[in-house]
>>> print(open('input.txt').read())   # compact mmCIF, C-alpha atoms
# COMPACT_ATOMS: atom_id res chain seq x y z
CA MET A 19 6.88 0.19 -4.74
CA ALA A 20 6.48 3.70 -6.15
CA GLY A 21 8.38 3.44 -9.40
CA GLY A 22 7.24 2.80 -12.93
CA ALA A 23 6.53 5.20 -15.75
CA GLY A 24 2.80 5.62 -15.04
CA THR A 25 2.06 5.43 -18.76
CA ARG A 26 -1.68 4.88 -18.18
CA LEU A 27 -1.86 8.33 -16.60
CA TYR A 28 -0.02 10.28 -19.29
CA PRO A 29 0.36 13.21 -19.80
CA VAL A 30 0.26 14.15 -16.10
CA THR A 31 2.89 11.55 -15.23
CA SER A 32 5.33 12.97 -17.76
CA VAL A 33 6.40 15.45 -15.07
CA VAL A 34 5.57 13.78 -11.74
CA SER A 35 5.23 10.26 -10.31
CA LYS A 36 1.66 9.00 -10.15
CA GLN A 37 2.16 8.09 -6.48
CA LEU A 38 2.56 11.82 -5.76
CA LEU A 39 -0.73 12.73 -7.42
CA PRO A 40 -3.61 13.62 -5.08
CA VAL A 41 -6.38 11.22 -4.19
CA PHE A 42 -8.86 13.79 -2.91
CA ASP A 43 -7.02 15.50 -0.03
CA LYS A 44 -3.69 13.73 0.26
CA PRO A 45 -0.90 12.28 -1.91
CA MET A 46 -1.61 8.83 -3.30
CA ILE A 47 1.33 7.30 -1.44
CA TYR A 48 -0.25 8.16 1.93
CA TYR A 49 -2.81 5.39 1.41
CA PRO A 50 -0.40 2.44 1.10
CA LEU A 51 1.73 3.95 3.87
CA ALA A 52 -1.33 3.92 6.11
CA THR A 53 -1.95 0.26 5.27
CA LEU A 54 1.61 -0.61 6.29
CA MET A 55 1.19 1.32 9.53
CA PHE A 56 -1.97 -0.62 10.33
CA ALA A 57 0.06 -3.81 9.78
CA GLY A 58 2.60 -2.66 12.37
CA ILE A 59 5.31 -2.01 9.77
CA ARG A 60 7.65 0.85 10.73
CA ASP A 61 10.79 0.25 8.64
CA ILE A 62 9.89 1.07 5.04
CA LEU A 63 11.93 1.14 1.85
CA ILE A 64 10.44 3.40 -0.84
CA ILE A 65 11.42 2.33 -4.35
CA THR A 66 11.11 5.09 -6.94
CA THR A 67 12.49 6.13 -10.31
CA PRO A 68 15.83 8.02 -10.18
CA ASP A 69 14.21 11.30 -11.23
CA ASP A 70 11.35 11.13 -8.73
CA GLN A 71 13.29 10.08 -5.65
CA PRO A 72 14.12 13.66 -4.48
CA LEU A 73 10.42 14.55 -4.65
CA PHE A 74 9.47 11.64 -2.40
CA GLN A 75 12.23 12.57 0.01
CA ARG A 76 10.97 16.16 0.07
CA LEU A 77 7.43 15.01 0.84
CA LEU A 78 8.17 12.25 3.34
CA GLY A 79 11.62 12.94 4.77
CA ASP A 80 13.09 10.23 6.95
CA GLY A 81 9.68 9.11 8.24
CA SER A 82 10.10 10.52 11.75
CA ASP A 83 7.04 12.78 11.39
CA PHE A 84 4.98 9.58 11.30
CA GLY A 85 7.09 7.68 13.82
CA LEU A 86 8.53 5.59 11.00
CA HIS A 87 11.90 5.02 9.37
CA PHE A 88 12.10 5.55 5.62
CA ALA A 89 14.92 4.46 3.35
CA TYR A 90 15.03 5.11 -0.38
CA THR A 91 16.31 3.36 -3.45
CA HIS A 92 15.40 3.35 -7.12
CA GLN A 93 14.99 1.19 -10.19
CA ASP A 94 17.03 2.40 -13.15
CA GLU A 95 14.25 1.05 -15.33
CA PRO A 96 10.98 -0.84 -14.71
CA ARG A 97 11.83 -4.52 -14.37
CA GLY A 98 8.70 -5.89 -12.74
CA LEU A 99 7.36 -6.05 -9.20
CA ALA A 100 9.57 -8.94 -8.13
CA ASP A 101 12.59 -6.71 -8.77
CA ALA A 102 11.71 -5.00 -5.48
CA PHE A 103 13.27 -7.92 -3.62
CA ILE A 104 16.49 -7.57 -5.61
CA VAL A 105 16.99 -3.81 -5.25
CA GLY A 106 15.80 -4.06 -1.64
CA ALA A 107 17.75 -7.17 -0.63
CA ASP A 108 20.17 -5.32 1.67
CA PHE A 109 17.31 -3.47 3.35
CA ILE A 110 15.37 -6.71 3.89
CA GLY A 111 18.34 -8.63 5.28
CA SER A 112 17.10 -11.78 7.02
CA ASP A 113 13.66 -10.41 7.90
CA ARG A 114 10.21 -11.18 6.60
CA VAL A 115 8.93 -8.54 4.20
CA VAL A 116 5.78 -6.86 2.91
CA LEU A 117 5.42 -5.40 -0.57
CA ILE A 118 2.64 -2.92 -1.31
CA LEU A 119 2.08 -1.04 -4.54
CA GLY A 120 2.06 2.73 -4.28
CA ASP A 121 -1.20 3.10 -6.22
CA ASN A 122 -3.32 0.66 -4.20
CA ILE A 123 -5.95 1.75 -1.67
CA PHE A 124 -7.51 -0.65 0.84
CA TYR A 125 -10.47 0.21 3.03
CA GLY A 126 -12.81 -1.82 5.19
CA HIS A 127 -13.77 -2.81 8.72
CA GLY A 128 -11.64 -5.71 9.91
CA MET A 129 -8.69 -4.91 7.66
CA VAL A 130 -6.41 -4.27 10.64
CA ASP A 131 -7.07 -7.76 12.02
CA MET A 132 -6.39 -9.35 8.63
CA LEU A 133 -3.13 -7.45 8.33
CA ALA A 134 -2.09 -8.51 11.83
CA ARG A 135 -2.70 -12.17 11.03
CA ALA A 136 -0.68 -11.95 7.82
CA ALA A 137 2.17 -10.12 9.56
CA ALA A 138 2.27 -12.70 12.36
CA ARG A 139 2.55 -15.70 10.03
CA PRO A 140 6.14 -16.91 10.52
CA SER A 141 6.60 -18.59 7.13
CA GLY A 142 5.10 -18.78 3.68
CA ALA A 143 3.32 -16.04 1.76
CA THR A 144 -0.02 -14.26 2.17
CA VAL A 145 -1.80 -12.46 -0.66
CA PHE A 146 -5.12 -10.62 -0.63
CA GLY A 147 -7.73 -11.48 -3.24
CA TYR A 148 -10.62 -9.36 -4.49
CA THR A 149 -13.55 -10.16 -6.77
CA VAL A 150 -13.75 -7.95 -9.89
CA ASN A 151 -15.74 -7.78 -13.12
CA THR A 152 -12.66 -7.61 -15.38
CA PRO A 153 -10.22 -10.23 -14.03
CA GLU A 154 -8.36 -10.45 -17.35
CA GLN A 155 -6.66 -7.15 -16.47
CA PHE A 156 -5.02 -8.61 -13.34
CA GLY A 157 -3.29 -11.63 -11.90
CA VAL A 158 -6.11 -14.17 -11.50
CA ILE A 159 -6.16 -16.74 -8.70
CA GLU A 160 -8.27 -19.89 -8.75
CA LEU A 161 -9.33 -21.35 -5.38
CA ASP A 162 -10.61 -24.79 -4.46
CA ASP A 163 -13.56 -25.43 -2.13
CA THR A 164 -11.33 -25.00 0.93
CA GLY A 165 -10.01 -21.61 -0.18
CA ARG A 166 -6.58 -22.88 -1.19
CA ALA A 167 -5.00 -21.54 -4.37
CA ILE A 168 -4.76 -24.09 -7.18
CA SER A 169 -3.72 -21.84 -10.08
CA ILE A 170 -2.43 -18.31 -10.69
CA GLU A 171 -2.26 -16.65 -14.10
CA GLU A 172 -1.08 -13.19 -15.11
CA LYS A 173 -3.71 -11.35 -17.19
CA PRO A 174 -5.20 -14.48 -18.81
CA LEU A 175 -7.40 -14.20 -21.88
CA GLN A 176 -9.83 -16.70 -20.33
CA PRO A 177 -9.78 -16.23 -16.54
CA LYS A 178 -10.61 -19.24 -14.41
CA SER A 179 -12.19 -17.07 -11.72
CA ASN A 180 -13.12 -13.49 -10.88
CA VAL A 181 -10.76 -13.35 -7.91
CA VAL A 182 -7.63 -11.32 -8.57
CA VAL A 183 -4.49 -10.71 -6.55
CA THR A 184 -4.28 -7.21 -5.12
CA GLY A 185 -1.10 -5.20 -4.69
CA LEU A 186 -0.34 -6.28 -1.12
CA TYR A 187 1.97 -9.23 -0.45
CA PHE A 188 3.45 -10.71 2.75
CA TYR A 189 6.47 -13.04 2.37
CA ASP A 190 8.99 -14.88 4.45
CA ASN A 191 12.66 -14.27 3.69
CA ASP A 192 12.78 -16.99 1.03
CA VAL A 193 11.35 -14.44 -1.41
CA VAL A 194 14.73 -12.72 -1.72
CA GLU A 195 16.40 -15.82 -3.16
CA MET A 196 13.36 -16.63 -5.28
CA ALA A 197 13.49 -13.19 -6.89
CA ALA A 198 17.22 -13.43 -7.51
CA ASN A 199 16.68 -16.68 -9.42
CA LEU A 200 13.71 -15.53 -11.49
CA LYS A 201 13.92 -15.37 -15.25
CA PRO A 202 12.16 -12.52 -17.08
CA SER A 203 8.75 -13.26 -18.56
CA PRO A 204 8.04 -12.91 -22.31
CA ARG A 205 7.28 -9.23 -21.66
CA GLY A 206 10.75 -8.82 -20.14
CA GLU A 207 9.75 -8.40 -16.49
CA LEU A 208 10.30 -10.29 -13.25
CA GLU A 209 6.74 -11.27 -12.45
CA ILE A 210 5.32 -11.29 -8.94
CA THR A 211 2.94 -13.99 -10.20
CA ASP A 212 5.91 -16.34 -10.63
CA ILE A 213 6.88 -15.71 -6.99
CA ASN A 214 3.35 -16.45 -5.81
CA ARG A 215 3.16 -19.56 -7.97
CA THR A 216 6.36 -20.88 -6.38
CA TYR A 217 4.86 -20.50 -2.91
CA MET A 218 1.63 -22.11 -4.13
CA ASP A 219 3.46 -25.10 -5.58
CA ARG A 220 5.19 -25.79 -2.29
CA GLY A 221 1.94 -25.39 -0.31
CA ASP A 222 2.92 -22.15 1.43
CA LEU A 223 0.58 -19.63 -0.21
CA TYR A 224 -2.26 -18.28 1.93
CA VAL A 225 -5.07 -16.32 0.30
CA GLN A 226 -7.24 -13.86 2.18
CA VAL A 227 -10.19 -12.86 0.00
CA LEU A 228 -11.60 -9.43 0.82
CA GLY A 229 -15.39 -9.67 0.91
CA ARG A 230 -18.25 -7.28 0.24
CA GLY A 231 -17.42 -5.01 3.15
CA PHE A 232 -14.06 -4.05 1.67
CA ALA A 233 -12.93 -1.70 -1.04
CA TRP A 234 -9.79 -2.17 -3.10
CA LEU A 235 -8.95 0.60 -5.51
CA ASP A 236 -6.17 0.52 -8.11
CA THR A 237 -5.64 4.17 -9.03
CA GLY A 238 -3.57 3.59 -12.16
CA THR A 239 -5.90 5.17 -14.74
CA HIS A 240 -7.54 8.56 -15.10
CA ALA A 241 -11.00 7.14 -14.41
CA SER A 242 -9.94 5.07 -11.41
CA LEU A 243 -8.06 8.04 -9.96
CA VAL A 244 -11.22 10.17 -10.07
CA GLU A 245 -13.32 7.31 -8.69
CA ALA A 246 -10.92 6.86 -5.78
CA SER A 247 -11.04 10.58 -5.00
CA HIS A 248 -14.84 10.54 -4.99
CA PHE A 249 -14.85 7.44 -2.79
CA VAL A 250 -12.56 9.06 -0.21
CA GLN A 251 -14.44 12.37 -0.39
CA ILE A 252 -17.81 10.73 0.31
CA LEU A 253 -16.47 8.68 3.21
CA GLU A 254 -14.74 11.63 4.83
CA GLN A 255 -17.66 14.03 4.43
CA ARG A 256 -20.23 11.52 5.71
CA GLN A 257 -18.16 10.27 8.65
CA GLY A 258 -16.17 13.37 9.54
CA MET A 259 -12.99 11.29 9.75
CA ARG A 260 -10.04 11.23 7.37
CA VAL A 261 -9.18 8.05 5.48
CA ALA A 262 -5.48 7.01 5.62
CA CYS A 263 -4.23 9.97 7.64
CA PRO A 264 -0.71 8.89 8.69
CA GLU A 265 -0.30 11.67 11.26
CA GLU A 266 -3.46 10.57 13.08
CA ILE A 267 -2.54 6.89 12.83
CA ALA A 268 0.91 7.63 14.26
CA LEU A 269 -0.63 9.51 17.18
CA ARG A 270 -3.20 6.83 17.96
CA LEU A 271 -0.57 4.08 17.78
CA GLY A 272 1.73 6.01 20.09
CA TYR A 273 4.43 6.48 17.46
CA ILE A 274 4.59 10.25 18.00
CA THR A 275 3.85 12.58 20.92
CA LEU A 276 0.90 14.92 21.11
CA ASP A 277 3.28 17.90 21.03
CA HIS A 278 4.87 16.67 17.81
CA PHE A 279 1.44 16.03 16.34
CA GLU A 280 0.48 19.62 17.11
CA LYS A 281 3.50 20.90 15.18
CA LEU A 282 2.49 18.79 12.18
CA ALA A 283 -1.04 20.15 12.36
CA GLU A 284 0.09 23.77 12.60
CA ARG A 285 2.34 23.30 9.59
CA CYS A 286 -0.69 22.82 7.32
CA ALA A 287 -3.28 24.70 9.39
CA LYS A 288 -4.61 26.73 6.46
CA SER A 289 -5.88 23.62 4.65
CA SER A 290 -8.92 21.53 5.54
CA TYR A 291 -6.50 18.66 6.19
CA GLY A 292 -4.64 20.77 8.74
CA GLN A 293 -7.91 21.87 10.35
CA TYR A 294 -8.82 18.21 10.78
CA LEU A 295 -5.48 17.53 12.49
CA LEU A 296 -6.00 20.50 14.81
CA GLY A 297 -9.42 19.10 15.70
CA ILE A 298 -7.82 15.76 16.58
CA HIS A 299 -5.27 17.61 18.72
CA ARG A 300 -8.00 19.46 20.61
CA SER A 301 -9.85 16.20 21.20
CA PHE A 302 -6.75 14.44 22.55
CA SER A 303 -5.83 17.44 24.70
CA LYS A 304 -9.32 17.51 26.20
CA SER A 305 -9.16 13.78 26.97
CA ARG A 306 -5.78 14.23 28.61
CA ARG A 307 -7.07 17.06 30.80
CA ALA A 308 -10.08 14.96 31.77
CA GLU A 309 -7.78 12.14 32.87
CA LEU A 310 -5.85 14.56 35.09
>>> encode(input="input.txt", output="structure tokens")
Amino acid sequence: MAGGAGTRLYPVTSVVSKQLLPVFDKPMIYYPLATLMFAGIRDILIITTPDDQPLFQRLLGDGSDFGLHFAYTHQDEPRGLADAFIVGADFIGSDRVVLILGDNIFYGHGMVDMLARAAARPSGATVFGYTVNTPEQFGVIELDDTGRAISIEEKPLQPKSNVVVTGLYFYDNDVVEMAANLKPSPRGELEITDINRTYMDRGDLYVQVLGRGFAWLDTGTHASLVEASHFVQILEQRQGMRVACPEEIALRLGYITLDHFEKLAERCAKSSYGQYLLGIHRSFSKSRRAEL
């Protein structure tokens, strides 16, 4: 989901989608794309505003550079997150589906395993929770002693817990019909919280709380955008590895060939990002020669 007006980031979003803004060395949308790739998702529908869609298509193309398949559609106006399952109903068909917000960044050891478990669950819904200091700004989820959800509230004035629902949701195909039957909330939107509450009420909502070893960043404000850039910069400079680099992920997962990867690296060779890709190419080429 890469639509919305991005009003919290005005005036920069008056001319460009926030999901196209940089988070340190790469466009914001690269980060949720990387999360989907780690989950094994290769068919991806990118939902934008009508004006921004050509810009996303120019940046990402048909997805083949990453070994993926991209389709595009748009919301004529913001109607809430659950509207994704209405505008994307034909794309979803009879499959299970994942929704990720275009301004959410996830990072942490073990995330790939958590994503794999959620993707493998044949029915129900899986959401990812995170403990924050200001839960009243998010959808708040209350858990019992066994970790099961017992209440979900959207931006409550008096939160029942500090665990909030992040912008990553796994659903079975029932979500398409649920969304189609939703009524707008008092603020005029189709709320994802109502979808999650429906799954909770029928006993099919699974909650995976991300612990201390994980970072979840919502880059929807000026301050959080800068914080996310600093976070990524520190990690990359300390470790020497890029965070959420879709070209590298595609290569390591076998989605693209080494020759194609080299072409992608050469295309941006003058940037530090391109130099990193060229370094990865040299490393893989050396390993291949050693095997021979």
>>> closest_residue(input="input.txt", among="A:Glu154, A:Glu245, A:Asp190, A:Glu280", to="Asp83 of chain A", atoms="all atoms listed in the file")
A:Glu280
>>> residues_around(input="input.txt", residues="Asp219 of chain A", least_positions_apart="6", cutoff="12 Å", atoms="all atoms listed in the file", output="PDB file with C-alpha atoms, keeping the file's coordinate frame")
ATOM      1  CA  GLY A 142       5.100 -18.780   3.680  1.00  0.00           C
ATOM      2  CA  ALA A 143       3.320 -16.040   1.760  1.00  0.00           C
ATOM      3  CA  ARG A 166      -6.580 -22.880  -1.190  1.00  0.00           C
ATOM      4  CA  ALA A 167      -5.000 -21.540  -4.370  1.00  0.00           C
ATOM      5  CA  ILE A 168      -4.760 -24.090  -7.180  1.00  0.00           C
ATOM      6  CA  SER A 169      -3.720 -21.840 -10.080  1.00  0.00           C
ATOM      7  CA  ILE A 170      -2.430 -18.310 -10.690  1.00  0.00           C
ATOM      8  CA  ASP A 212       5.910 -16.340 -10.630  1.00  0.00           C
ATOM      9  CA  ILE A 213       6.880 -15.710  -6.990  1.00  0.00           C
TER      10      ILE A 213
END
>>> closest_residue(input="input.txt", among="A:Gly98, A:Gly238, A:Gly231, A:Gly128", to="Gly206 of chain A", atoms="only C-alpha atoms")
A:Gly98
>>> residues_around(input="input.txt", residues="segment 35-50 of chain A", least_positions_apart="5", cutoff="6 Å", atoms="only C-alpha atoms", output="list in words")
Gly120, Ile123, Ser247 and Ala262 of chain A
>>> residues_around(input="input.txt", residues="Glu95 of chain A", least_positions_apart="5", cutoff="10 Å", atoms="all atoms listed in the file", output="PDB file with C-alpha atoms, in the coordinates of the input")
ATOM      1  CA  GLY A  21       8.380   3.440  -9.400  1.00  0.00           C
ATOM      2  CA  GLY A  22       7.240   2.800 -12.930  1.00  0.00           C
ATOM      3  CA  ALA A  23       6.530   5.200 -15.750  1.00  0.00           C
ATOM      4  CA  THR A  66      11.110   5.090  -6.940  1.00  0.00           C
ATOM      5  CA  THR A  67      12.490   6.130 -10.310  1.00  0.00           C
ATOM      6  CA  PRO A  68      15.830   8.020 -10.180  1.00  0.00           C
TER       7      PRO A  68
END
>>> residues_around(input="input.txt", residues="segment 173-186 of chain A", least_positions_apart="4", cutoff="10 Å", atoms="only C-alpha atoms", output="ChimeraX atom specification")
/A:19,50,53-54,99,116-124,133,144-161,169,210-211,214,225-228,234-236
>>> closest_residue(input="input.txt", among="A:Leu86, A:Ala57, A:Ala198, A:Ala20", to="Asp69 of chain A", atoms="all atoms listed in the file")
A:Ala20
>>> atom_distance(input="input.txt", atom1="atom CA of Asn191 of chain A", atom2="atom CA of Ile274 of chain A")
29.5 Å
>>> build_atoms(input="input.txt", residues="segment 191-212 of chain A", atoms="N, CA, C and O atoms", output="CSV table (one decimal), in the frame of the given file")
chain,number,residue,atom,x,y,z
A,191,ASN,N,11.4,-14.7,4.3
A,191,ASN,CA,12.7,-14.3,3.7
A,191,ASN,C,13.1,-15.1,2.5
A,191,ASN,O,13.9,-14.6,1.7
A,192,ASP,N,12.4,-16.2,2.2
A,192,ASP,CA,12.8,-17.0,1.0
A,192,ASP,C,12.5,-16.2,-0.3
A,192,ASP,O,13.1,-16.5,-1.3
A,193,VAL,N,11.7,-15.2,-0.2
A,193,VAL,CA,11.4,-14.4,-1.4
A,193,VAL,C,12.6,-13.7,-2.0
A,193,VAL,O,12.6,-13.5,-3.2
A,194,VAL,N,13.5,-13.4,-1.2
A,194,VAL,CA,14.7,-12.7,-1.7
A,194,VAL,C,15.5,-13.6,-2.7
A,194,VAL,O,15.9,-13.2,-3.8
A,195,GLU,N,15.7,-14.9,-2.3
A,195,GLU,CA,16.4,-15.8,-3.2
A,195,GLU,C,15.6,-16.2,-4.4
A,195,GLU,O,16.1,-16.3,-5.5
A,196,MET,N,14.2,-16.3,-4.2
A,196,MET,CA,13.4,-16.6,-5.3
A,196,MET,C,13.5,-15.6,-6.4
A,196,MET,O,13.6,-15.8,-7.6
A,197,ALA,N,13.4,-14.3,-5.9
A,197,ALA,CA,13.5,-13.2,-6.9
A,197,ALA,C,14.8,-13.2,-7.6
A,197,ALA,O,14.9,-12.9,-8.8
A,198,ALA,N,15.9,-13.4,-6.9
A,198,ALA,CA,17.2,-13.4,-7.5
A,198,ALA,C,17.4,-14.5,-8.6
A,198,ALA,O,18.1,-14.3,-9.5
A,199,ASN,N,16.6,-15.6,-8.5
A,199,ASN,CA,16.7,-16.7,-9.4
A,199,ASN,C,15.6,-16.6,-10.5
A,199,ASN,O,15.6,-17.5,-11.4
A,200,LEU,N,14.8,-15.6,-10.5
A,200,LEU,CA,13.7,-15.5,-11.5
A,200,LEU,C,14.3,-15.2,-12.9
A,200,LEU,O,15.2,-14.5,-13.0
A,201,LYS,N,13.6,-15.7,-13.9
A,201,LYS,CA,13.9,-15.4,-15.2
A,201,LYS,C,12.8,-14.4,-15.8
A,201,LYS,O,11.6,-14.6,-15.4
A,202,PRO,N,13.2,-13.4,-16.6
A,202,PRO,CA,12.2,-12.5,-17.1
A,202,PRO,C,11.1,-13.2,-17.9
A,202,PRO,O,11.3,-14.2,-18.6
A,203,SER,N,9.9,-12.7,-17.8
A,203,SER,CA,8.8,-13.3,-18.6
A,203,SER,C,8.9,-12.8,-20.0
A,203,SER,O,9.8,-12.0,-20.4
A,204,PRO,N,8.0,-13.3,-20.9
A,204,PRO,CA,8.0,-12.9,-22.3
A,204,PRO,C,7.9,-11.4,-22.5
A,204,PRO,O,8.4,-10.9,-23.5
A,205,ARG,N,7.3,-10.7,-21.5
A,205,ARG,CA,7.3,-9.2,-21.7
A,205,ARG,C,8.5,-8.5,-21.0
A,205,ARG,O,8.5,-7.3,-20.9
A,206,GLY,N,9.5,-9.4,-20.6
A,206,GLY,CA,10.8,-8.8,-20.1
A,206,GLY,C,10.8,-8.4,-18.7
A,206,GLY,O,11.7,-7.6,-18.3
A,207,GLU,N,9.8,-8.8,-17.9
A,207,GLU,CA,9.8,-8.4,-16.5
A,207,GLU,C,9.9,-9.6,-15.5
A,207,GLU,O,9.6,-10.7,-15.9
A,208,LEU,N,10.3,-9.3,-14.3
A,208,LEU,CA,10.3,-10.3,-13.2
A,208,LEU,C,8.9,-10.3,-12.6
A,208,LEU,O,8.6,-9.3,-11.9
A,209,GLU,N,8.2,-11.3,-12.8
A,209,GLU,CA,6.7,-11.3,-12.4
A,209,GLU,C,6.5,-11.7,-11.0
A,209,GLU,O,7.0,-12.7,-10.6
A,210,ILE,N,5.7,-10.9,-10.3
A,210,ILE,CA,5.3,-11.3,-8.9
A,210,ILE,C,4.5,-12.5,-9.0
A,210,ILE,O,4.4,-13.3,-8.0
A,211,THR,N,3.8,-12.8,-10.1
A,211,THR,CA,2.9,-14.0,-10.2
A,211,THR,C,3.8,-15.2,-10.1
A,211,THR,O,3.4,-16.3,-9.6
A,212,ASP,N,5.0,-15.2,-10.7
A,212,ASP,CA,5.9,-16.3,-10.6
A,212,ASP,C,6.3,-16.6,-9.2
A,212,ASP,O,6.5,-17.8,-8.8
